file final12.pdb (PDB, C-alpha atoms, pLDDT in the B column)
MODEL        1
ATOM      1  CA  MET A   1     -55.593-121.325-262.207  1.00 84.00           C
ATOM      2  CA  GLU A   2     -54.549-121.672-265.808  1.00 95.00           C
ATOM      3  CA  ARG A   3     -50.858-121.404-266.608  1.00 97.00           C
ATOM      4  CA  ASN A   4     -49.532-120.012-269.875  1.00 98.00           C
ATOM      5  CA  HIS A   5     -46.145-119.731-271.505  1.00 98.00           C
ATOM      6  CA  TYR A   6     -44.916-116.131-271.561  1.00 98.00           C
ATOM      7  CA  SER A   7     -42.434-114.794-274.098  1.00 98.00           C
ATOM      8  CA  ILE A   8     -41.421-111.311-275.180  1.00 98.00           C
ATOM      9  CA  ALA A   9     -40.558-110.428-278.763  1.00 98.00           C
ATOM     10  CA  ALA A  10     -38.247-107.533-279.578  1.00 98.00           C
ATOM     11  CA  LEU A  11     -38.905-106.130-283.030  1.00 98.00           C
ATOM     12  CA  THR A  12     -37.705-103.245-285.176  1.00 98.00           C
ATOM     13  CA  VAL A  13     -40.179-101.480-287.450  1.00 97.00           C
ATOM     14  CA  TYR A  14     -38.717 -99.700-290.480  1.00 97.00           C
ATOM     15  CA  TYR A  15     -40.897 -97.085-292.157  1.00 96.00           C
ATOM     16  CA  LYS A  16     -40.618 -94.292-294.701  1.00 95.00           C
ATOM     17  CA  ARG A  17     -42.230 -90.890-294.202  1.00 85.00           C
ATOM     18  CA  LYS A  18     -43.422 -88.582-296.982  1.00 83.00           C
ATOM     19  CA  ASP A  19     -40.043 -86.820-297.060  1.00 86.00           C
ATOM     20  CA  GLU A  20     -38.557 -90.222-298.075  1.00 87.00           C
ATOM     21  CA  THR A  21     -36.440 -90.611-294.940  1.00 92.00           C
ATOM     22  CA  VAL A  22     -36.340 -94.149-293.583  1.00 94.00           C
ATOM     23  CA  LYS A  23     -36.833 -94.316-289.844  1.00 95.00           C
ATOM     24  CA  GLN A  24     -36.976 -97.123-287.325  1.00 96.00           C
ATOM     25  CA  ARG A  25     -38.660 -97.830-284.006  1.00 95.00           C
ATOM     26  CA  ASN A  26     -38.103-100.646-281.558  1.00 96.00           C
ATOM     27  CA  ILE A  27     -41.238-102.342-280.249  1.00 96.00           C
ATOM     28  CA  ASN A  28     -41.591-105.056-277.612  1.00 97.00           C
ATOM     29  CA  PHE A  29     -44.562-107.402-277.766  1.00 97.00           C
ATOM     30  CA  MET A  30     -45.760-109.979-275.222  1.00 97.00           C
ATOM     31  CA  ILE A  31     -46.703-113.435-276.429  1.00 98.00           C
ATOM     32  CA  VAL A  32     -48.917-115.452-274.076  1.00 97.00           C
ATOM     33  CA  ARG A  33     -49.804-118.976-275.186  1.00 97.00           C
ATOM     34  CA  PRO A  34     -50.946-122.278-273.741  1.00 96.00           C
ATOM     35  CA  LYS A  35     -48.129-123.995-275.692  1.00 96.00           C
ATOM     36  CA  LYS A  36     -44.441-123.116-275.456  1.00 96.00           C
ATOM     37  CA  ASN A  37     -43.592-123.343-279.139  1.00 96.00           C
ATOM     38  CA  ILE A  38     -43.742-120.236-281.324  1.00 96.00           C
ATOM     39  CA  CYS A  39     -44.859-121.358-284.773  1.00 96.00           C
ATOM     40  CA  LYS A  40     -45.330-119.475-288.048  1.00 97.00           C
ATOM     41  CA  PRO A  41     -48.994-118.530-287.432  1.00 97.00           C
ATOM     42  CA  VAL A  42     -47.966-116.951-284.096  1.00 97.00           C
ATOM     43  CA  LEU A  43     -45.240-114.922-285.822  1.00 97.00           C
ATOM     44  CA  GLU A  44     -47.807-113.769-288.374  1.00 97.00           C
ATOM     45  CA  GLU A  45     -50.207-112.744-285.571  1.00 97.00           C
ATOM     46  CA  VAL A  46     -47.424-110.786-283.862  1.00 97.00           C
ATOM     47  CA  THR A  47     -46.577-109.029-287.132  1.00 97.00           C
ATOM     48  CA  ILE A  48     -50.219-107.992-287.616  1.00 96.00           C
ATOM     49  CA  ALA A  49     -50.509-106.833-283.997  1.00 97.00           C
ATOM     50  CA  VAL A  50     -47.261-104.823-284.210  1.00 96.00           C
ATOM     51  CA  THR A  51     -48.498-103.192-287.425  1.00 96.00           C
ATOM     52  CA  GLN A  52     -51.631-102.134-285.553  1.00 96.00           C
ATOM     53  CA  GLN A  53     -49.600-100.993-282.530  1.00 95.00           C
ATOM     54  CA  ALA A  54     -47.335 -98.875-284.789  1.00 95.00           C
ATOM     55  CA  TYR A  55     -50.441 -97.215-286.241  1.00 95.00           C
ATOM     56  CA  ASP A  56     -52.208 -96.675-282.901  1.00 95.00           C
ATOM     57  CA  GLN A  57     -49.259 -95.511-280.816  1.00 93.00           C
ATOM     58  CA  LEU A  58     -46.834 -94.011-283.330  1.00 92.00           C
ATOM     59  CA  ASN A  59     -49.149 -92.905-286.156  1.00 93.00           C
ATOM     60  CA  ILE A  60     -47.223 -94.991-288.682  1.00 93.00           C
ATOM     61  CA  GLN A  61     -49.534 -95.702-291.588  1.00 92.00           C
ATOM     62  CA  PRO A  62     -49.546 -99.285-292.934  1.00 90.00           C
ATOM     63  CA  ASP A  63     -48.421 -98.074-296.386  1.00 92.00           C
ATOM     64  CA  GLU A  64     -45.396 -96.381-294.768  1.00 95.00           C
ATOM     65  CA  LEU A  65     -44.138 -99.673-293.306  1.00 95.00           C
ATOM     66  CA  LYS A  66     -41.205-101.125-295.173  1.00 96.00           C
ATOM     67  CA  GLU A  67     -40.148-103.984-292.923  1.00 96.00           C
ATOM     68  CA  ILE A  68     -40.767-105.543-289.514  1.00 97.00           C
ATOM     69  CA  CYS A  69     -37.786-107.492-288.176  1.00 98.00           C
ATOM     70  CA  PHE A  70     -37.827-109.895-285.254  1.00 98.00           C
ATOM     71  CA  ASN A  71     -34.636-109.210-283.303  1.00 98.00           C
ATOM     72  CA  SER A  72     -35.269-111.788-280.594  1.00 98.00           C
ATOM     73  CA  ILE A  73     -37.889-113.790-278.746  1.00 98.00           C
ATOM     74  CA  SER A  74     -37.105-114.449-275.095  1.00 98.00           C
ATOM     75  CA  TYR A  75     -38.917-117.087-273.092  1.00 98.00           C
ATOM     76  CA  LEU A  76     -40.039-115.797-269.693  1.00 98.00           C
ATOM     77  CA  GLY A  77     -41.605-118.932-268.218  1.00 97.00           C
ATOM     78  CA  LEU A  78     -44.725-120.962-267.503  1.00 98.00           C
ATOM     79  CA  MET A  79     -46.945-119.167-264.995  1.00 97.00           C
ATOM     80  CA  THR A  80     -50.393-117.920-264.130  1.00 96.00           C
ATOM     81  CA  ASP A  81     -51.404-114.348-264.895  1.00 94.00           C
ATOM     82  CA  LYS A  82     -51.110-113.591-261.181  1.00 95.00           C
ATOM     83  CA  GLU A  83     -47.584-115.025-260.999  1.00 95.00           C
ATOM     84  CA  PHE A  84     -46.562-112.967-264.029  1.00 95.00           C
ATOM     85  CA  ASN A  85     -48.055-109.732-262.727  1.00 94.00           C
ATOM     86  CA  GLU A  86     -47.120-110.054-259.061  1.00 92.00           C
ATOM     87  CA  GLY A  87     -43.931-112.102-259.128  1.00 78.00           C
TER      88      GLY A  87
ENDMDL
END

call {"tool": "encode", "arguments": {"input": "final12.pdb", "output": "structure tokens"}}
result
Amino acid sequence: MERNHYSIAALTVYYKRKDETVKQRNINFMIVRPKKNICKPVLEEVTIAVTQQAYDQLNIQPDELKEICFNSISYLGLMTDKEFNEG
């Protein structure tokens, strides 16, 4: 079975609604990769995916987004999908 490196990113999305109030939401995002390192292209992929997640789940339009901040990235370990899901 293939093993991957699992990490979780904690992000804060800042957005402005039509009434001009700035709001924020915290979003967690799993990163599953064959390599342990988290490089710039991975961060860009996470940013794009979180933008989509904010739209799909929270109805935040892309033009309402003001900033996406990475608060932390925590490494969870090298494991198979089964090990991750079942412990």

call {"tool": "resolve_selection", "arguments": {"input": "final12.pdb", "expression": "the PyMOL selection byres ((chain A and resi 47) around 12)", "output": "JSON, numbers by chain"}}
result
{"A": [9, 10, 11, 12, 13, 27, 28, 29, 30, 31, 40, 41, 42, 43, 44, 45, 46, 48, 49, 50, 51, 52, 53, 54, 62, 65, 67, 68, 69, 70]}

call {"tool": "resolve_selection", "arguments": {"input": "final12.pdb", "expression": "the PyMOL selection byres ((chain A and resi 1) around 7)", "output": "ChimeraX atom specification"}}
result
/A:2-3,80

call {"tool": "residues_around", "arguments": {"input": "final12.pdb", "residues": "Arg33 (chain A)", "least_positions_apart": "4", "cutoff": "10 Å", "atoms": "all atoms listed in the file", "output": "VMD selection string"}}
result
chain A and resid 3 to 7 37 to 38 42 78

call {"tool": "write_last_selection", "arguments": {"input": "final12.pdb", "atoms": "C-alpha atoms", "output": "PDB file, in the frame of the given file"}}
result
ATOM      1  CA  ARG A   3     -50.858-121.404-266.608  1.00 97.00           C
ATOM      2  CA  ASN A   4     -49.532-120.012-269.875  1.00 98.00           C
ATOM      3  CA  HIS A   5     -46.145-119.731-271.505  1.00 98.00           C
ATOM      4  CA  TYR A   6     -44.916-116.131-271.561  1.00 98.00           C
ATOM      5  CA  SER A   7     -42.434-114.794-274.098  1.00 98.00           C
ATOM      6  CA  ASN A  37     -43.592-123.343-279.139  1.00 96.00           C
ATOM      7  CA  ILE A  38     -43.742-120.236-281.324  1.00 96.00           C
ATOM      8  CA  VAL A  42     -47.966-116.951-284.096  1.00 97.00           C
ATOM      9  CA  LEU A  78     -44.725-120.962-267.503  1.00 98.00           C
TER      10      LEU A  78
END

call {"tool": "atom_distance", "arguments": {"input": "final12.pdb", "atom1": "CA of Tyr75 (chain A)", "atom2": "CA of Pro34 (chain A)"}}
result
13.1 Å

call {"tool": "closest_residue", "arguments": {"input": "final12.pdb", "among": "A:Gly87, A:Lys36, A:Gln24, A:Arg17", "to": "Ile73 (chain A)", "atoms": "all atoms listed in the file"}}
result
A:Lys36

call {"tool": "atom_distance", "arguments": {"input": "final12.pdb", "atom1": "CA of Val32 (chain A)", "atom2": "CA of Lys82 (chain A)"}}
result
13.2 Å

call {"tool": "axis_aligned_box", "arguments": {"input": "final12.pdb", "around": "region 57-71 of chain A", "padding_each_side": "4 Å", "output": "lines of an AutoDock Vina configuration file"}}
result
center_x = -42.1
center_y = -101.4
center_z = -288.6
size_x = 22.9
size_y = 25.0
size_z = 23.6

call {"tool": "atom_distance", "arguments": {"input": "final12.pdb", "atom1": "CA of Glu20 (chain A)", "atom2": "CA of Gln61 (chain A)"}}
result
13.9 Å

call {"tool": "residues_around", "arguments": {"input": "final12.pdb", "residues": "Lys16 (chain A)", "least_positions_apart": "2", "cutoff": "7 Å", "atoms": "only C-alpha atoms", "output": "ChimeraX atom specification"}}
result
/A:18,20-23,64-66

call {"tool": "closest_residue", "arguments": {"input": "final12.pdb", "among": "A:Tyr15, A:Lys35, A:Leu58, A:Asp63", "to": "Gly77 (chain A)", "atoms": "all atoms listed in the file"}}
result
A:Lys35
